[in-house]
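Participant: Take this structure, written in structure tokens, and hold onto it; I'll ask about it next.
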Amino acid sequence: MSPRPEEAVMRKEVVKRIETVIKDLWPTADVQIFGSFSTGLYLPTSDIDLVVFGKWESPPLQLLEQALRKHNVAEPYSIKVLDKATVPIIKLTDQETEVKVDISFNVETGVKAARLIKDYMKKYTLLPYLILVLKQFLLQRDLNEVFTGGISSYSLILMAISFLQLHPRIDARKLDENLGMLLIEFFELYGRNFNYLKTGIRIKNGGAYVAKEEIMKIMTNGYRPSMLCIEDPLLPGNDVGRSCYGAMQVKQVFDYAYIVLSHAVSPLARSYPNRDSESTLGRIIKVTQEVIDYRAWIKNKWGSKVNLSPDLDIQINERETISPCSIVQNGDAERLYNQPLALSFTGTQQLSSGSSASSVSSLSGSDIQHNGIKFTVKGPHSHNQGNGYNSASNGAVRQPVGNRGHHPHSRNIWRRKKYRDSLPISLSR
């Protein structure tokens with residue numbers, strides 16, 4: 001699911017079309033990309049986030065909406081103005097590619113957050129691989145958006161950064177580390193060991209687990225720490241997880257994934273192979289045929305433009321060089337984008353409750369014992385965080401309520417307009 005060069009080219013064309021409309025209205029406006037497209041951590045069905053900087057008394061949402069309709073940039077019924085939202089935005093779906101776009105005005109936090117993430121991607125080279133798998137895992141369960149009962153991408157990325165910062169094994173941050181084991185340990189930490197009731201996540205100054213009482217002291221406007229409490233590294237007093245009301249559903253599917261994968265790599269799994277899945281990772285992640293067809297359509301239409309030139313440049317003000325995991329347009333593009341995701345899994349002799357980063361802090365509810373490099377947790381897993389969900393009872397693997405199966409929500413299925421014959425036919429379902 002890693003981004004491909006032709007997908008980056010296609011998305012750049014989408015941004016260029018929208019930027020042209022914006023520049024016609026306000027020649028001095030500054031259009032910037034942020035979010036997953038800026039960092040390179042986007043899936044084939046991810047949105048594009050744009051922010052327009054200029055001098056207005058209030059965001060000119062309606063004016064831009066009318067211009068976008070006039071130039072037929074977006075599908076007519078897809079343009080929506082959300083002027084009552086905390087951050088007023090315009091939402092639309094590109095006419096040609098059906099890529100969804102969110103446009104905001106004069107909001108700097110998104111650009112700063114993208115810059116922060118890029119910095120951590122340079123520090124933790126494993127981070128992009130981990131994030132892409134986790135995003136696909138949540139997407140197919142419809143838990144990748146706050147308004148559908150999941151968590152935001154920014155929250156997920158900060159959780160992954162904290163996981164790597166506080167991992168008890170120093171070698172967990174190396175590029176040649178077993179990514180499969182890290183994935184299982186991530187699920188173990190946030191699916192069963194992390195104490196959501198009492199603990200907050202902090203990534204500043206090397207990272208730490210912090211008691212919620214301490215975080216509450218610096219929160220403003222009478223807010224209290226949320227269930228998934230993540231201190232905003234850019235805005236002190238802001239809880240990034242505040243709007244993630246479905247955090248416990250996400251916890252349940254993480255616990256489910258931990259059980260499935262840890263059983264899959266156990267010695268017993270060799271005696272009882274899973275005939276329904278071609279790989280270990282395939283037990284929890286599926287890519288639909290619609291997405292496969294959509295990517296093939298993109299490759300067929302934009303593949304020849306990958307090494308083209310200057311005329312595809314967006315003239316967007318990028319203040320920093322984008323990391324290799326992001327948008328690449330030089331000769332190494334194909335090599336970087338087509339690198340296999342080396343997720344391998346080993347047996348349970350290496351998988352123990354002590355291997356997880358959940359053991360780092362006493363606030364997570366686990367006892368720790370230091371023995372050289374390894375940290376081990378005393379006793380079996382018994383931390384249910386008060387939600388009454390016992391994932392491992394009787395040894396049975398039960399798919400939790402929060403897991404909605406391997407089929408994506410209908411809003412993630414690409415639909416073909418009757419007049420658009422160039423899209424693959426399977427996308428019309």
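In the structure tokens, chains take letters A, B, ... by order of appearance, with residues numbered from 1 within each chain and ligands from 1 in the order shown.
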Leaving out A:Met1 and any residue of its chain fewer than 6 positions from it, which residues lie within 8 Å of it when counting only C-alpha atoms, given as a list in words?

Facilitator: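 Here the answer would be Leu43, Pro44, Leu132, Val133 and Gln136 of chain A.
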
Participant: Keeping C-alpha atoms for every residue in the selection just given, could you write it to a file as a PDB file, in the first residue's frame?

Facilitator:
```pdb
ATOM      1  CA  LEU A  43      -3.057   5.346   1.105  1.00  0.00           C
ATOM      2  CA  PRO A  44      -4.528   5.123  -2.420  1.00  0.00           C
ATOM      3  CA  LEU A 132       0.954   2.576   6.373  1.00  0.00           C
ATOM      4  CA  VAL A 133       0.049  -0.895   7.671  1.00  0.00           C
ATOM      5  CA  GLN A 136      -4.862   0.263   6.146  1.00  0.00           C
TER       6      GLN A 136
END
```

Participant: From stretch 24-263 of chain A, collect each residue whose DSSP state is alpha helix (DSSP H) and return the set as a ChimeraX atom specification.

Facilitator: /A:24-25,36-39,61-70,109-123,127-139,153-165,179-188,212-216,247-263

Participant: Would you kindly return, as a PyMOL selection string, each protein, DNA or RNA residue with an atom no farther than 7 Å from any atom of stretch 238-248 of chain A, considering only C-alpha atoms and excluding same-chain residues fewer than 5 positions away?

Facilitator: chain A and resi 146+149-151+155+219+225-226+228-232

Participant: Quick one: write out the picked residues with all heavy atoms as an mmCIF file, in the first residue's frame?

Facilitator:
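Generated file (result_5.cif):
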```
data_model
loop_
_atom_site.group_PDB
_atom_site.id
_atom_site.type_symbol
_atom_site.label_atom_id
_atom_site.label_comp_id
_atom_site.auth_asym_id
_atom_site.auth_seq_id
_atom_site.Cartn_x
_atom_site.Cartn_y
_atom_site.Cartn_z
ATOM 1 N N VAL A 146 -12.317 10.268 12.791
ATOM 2 C CA VAL A 146 -12.945 10.578 14.078
ATOM 3 C C VAL A 146 -14.462 10.502 13.980
ATOM 4 O O VAL A 146 -15.140 9.954 14.852
ATOM 5 C CB VAL A 146 -12.509 11.985 14.556
ATOM 6 C CG1 VAL A 146 -13.310 12.397 15.776
ATOM 7 C CG2 VAL A 146 -11.024 11.991 14.884
ATOM 8 N N GLY A 149 -16.152 7.131 14.396
ATOM 9 C CA GLY A 149 -15.917 6.391 15.631
ATOM 10 C C GLY A 149 -14.516 5.863 15.788
ATOM 11 O O GLY A 149 -14.260 4.993 16.625
ATOM 12 N N GLY A 150 -13.581 6.373 14.996
ATOM 13 C CA GLY A 150 -12.203 5.907 15.087
ATOM 14 C C GLY A 150 -11.287 6.972 15.657
ATOM 15 O O GLY A 150 -11.696 7.789 16.481
ATOM 16 N N ILE A 151 -10.042 6.961 15.197
ATOM 17 C CA ILE A 151 -9.080 7.966 15.639
ATOM 18 C C ILE A 151 -8.467 8.641 14.419
ATOM 19 O O ILE A 151 -8.467 8.081 13.317
ATOM 20 C CB ILE A 151 -7.959 7.360 16.513
ATOM 21 C CG1 ILE A 151 -7.157 6.312 15.741
ATOM 22 C CG2 ILE A 151 -8.538 6.753 17.776
ATOM 23 C CD1 ILE A 151 -5.964 5.766 16.508
ATOM 24 N N SER A 155 -3.309 11.347 15.496
ATOM 25 C CA SER A 155 -3.254 10.612 16.760
ATOM 26 C C SER A 155 -2.519 9.289 16.590
ATOM 27 O O SER A 155 -1.677 8.914 17.417
ATOM 28 C CB SER A 155 -4.664 10.346 17.288
ATOM 29 O OG SER A 155 -5.331 11.545 17.606
ATOM 30 N N MET A 219 -4.009 22.137 30.886
ATOM 31 C CA MET A 219 -5.076 22.234 29.890
ATOM 32 C C MET A 219 -5.889 23.503 30.115
ATOM 33 O O MET A 219 -6.084 23.946 31.242
ATOM 34 C CB MET A 219 -5.977 20.995 29.927
ATOM 35 C CG MET A 219 -5.257 19.727 29.518
ATOM 36 S SD MET A 219 -6.344 18.297 29.345
ATOM 37 C CE MET A 219 -7.188 18.682 27.826
ATOM 38 N N PRO A 225 -8.554 15.671 30.395
ATOM 39 C CA PRO A 225 -7.939 14.707 29.481
ATOM 40 C C PRO A 225 -8.955 13.679 28.991
ATOM 41 O O PRO A 225 -9.800 13.200 29.747
ATOM 42 C CB PRO A 225 -6.858 14.039 30.351
ATOM 43 C CG PRO A 225 -6.551 15.040 31.406
ATOM 44 C CD PRO A 225 -7.855 15.725 31.697
ATOM 45 N N SER A 226 -8.882 13.350 27.706
ATOM 46 C CA SER A 226 -9.796 12.373 27.111
ATOM 47 C C SER A 226 -9.336 10.954 27.421
ATOM 48 O O SER A 226 -8.280 10.744 28.024
ATOM 49 C CB SER A 226 -9.854 12.588 25.602
ATOM 50 O OG SER A 226 -8.557 12.424 25.052
ATOM 51 N N LEU A 228 -8.290 8.675 25.248
ATOM 52 C CA LEU A 228 -7.010 8.571 24.551
ATOM 53 C C LEU A 228 -6.360 9.947 24.640
ATOM 54 O O LEU A 228 -6.595 10.822 23.812
ATOM 55 C CB LEU A 228 -7.212 8.169 23.082
ATOM 56 C CG LEU A 228 -5.957 8.156 22.201
ATOM 57 C CD1 LEU A 228 -4.913 7.207 22.752
ATOM 58 C CD2 LEU A 228 -6.302 7.802 20.760
ATOM 59 N N CYS A 229 -5.551 10.133 25.652
ATOM 60 C CA CYS A 229 -4.967 11.448 25.931
ATOM 61 C C CYS A 229 -3.568 11.544 25.329
ATOM 62 O O CYS A 229 -2.662 10.816 25.728
ATOM 63 C CB CYS A 229 -4.916 11.690 27.439
ATOM 64 S SG CYS A 229 -4.211 13.275 27.896
ATOM 65 N N ILE A 230 -3.421 12.427 24.340
ATOM 66 C CA ILE A 230 -2.131 12.621 23.674
ATOM 67 C C ILE A 230 -1.802 14.108 23.722
ATOM 68 O O ILE A 230 -2.507 14.921 23.134
ATOM 69 C CB ILE A 230 -2.162 12.139 22.209
ATOM 70 C CG1 ILE A 230 -2.649 10.684 22.126
ATOM 71 C CG2 ILE A 230 -0.790 12.277 21.578
ATOM 72 C CD1 ILE A 230 -2.866 10.198 20.710
ATOM 73 N N GLU A 231 -0.746 14.440 24.419
ATOM 74 C CA GLU A 231 -0.355 15.843 24.537
ATOM 75 C C GLU A 231 0.134 16.361 23.185
ATOM 76 O O GLU A 231 0.976 15.738 22.542
ATOM 77 C CB GLU A 231 0.748 15.972 25.583
ATOM 78 C CG GLU A 231 1.139 17.388 25.904
ATOM 79 C CD GLU A 231 2.246 17.441 26.949
ATOM 80 O OE1 GLU A 231 3.408 17.129 26.604
ATOM 81 O OE2 GLU A 231 1.944 17.773 28.101
ATOM 82 N N ASP A 232 -0.423 17.491 22.754
ATOM 83 C CA ASP A 232 -0.043 18.088 21.478
ATOM 84 C C ASP A 232 1.381 18.638 21.589
ATOM 85 O O ASP A 232 1.639 19.537 22.391
ATOM 86 C CB ASP A 232 -1.008 19.213 21.124
ATOM 87 C CG ASP A 232 -0.859 19.678 19.680
ATOM 88 O OD1 ASP A 232 0.232 19.500 19.114
ATOM 89 O OD2 ASP A 232 -1.823 20.229 19.127
#
```

Participant: Atom CA of A:Leu164 and atom CA of A:Asn144 are how many Å apart?

Facilitator: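 So the answer is 20.9 Å.
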
Participant: Please list as a PyMOL selection string every residue within 10 Å of A:Gly206, counting only C-alpha atoms and excluding residues in the same chain fewer than 4 positions away.

Facilitator: chain A and resi 161-162+165-166+202

Participant: Considering only C-alpha atoms, state which residue in the set A:Ser46, A:Gln62, A:Gln95, A:Thr109 is at the smallest distance from A:Gln32.

Facilitator: A:Thr109

Participant: Kindly give the distance, in Å, that separates atom CA of A:Asn300 and atom CA of A:Ile103, rounded to a single decimal.

Facilitator: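 Pair atom CA of A:Asn300 / atom CA of A:Ile103 returns 28.3 Å.
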
Participant: Taking 2 positions as the minimum chain separation for residues in the same chain, which residues sit within 9 Å of A:Thr93 when counting only C-alpha atoms? Answer as a list in words.

Facilitator: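 Returned residues: Val73, Ala74, Glu75, Pro76, Tyr77, Ser78, Ile79, Lys91, Gln95, Glu96, Thr97, Glu98, Val99, Lys100, Val101 and Asp102 of chain A.
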
Participant: Measure the distance from atom CA of A:Ile201 to atom CA of A:Met159 in Å and round it to one decimal.

Facilitator: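 Distance between the two atoms: 7.5 Å.
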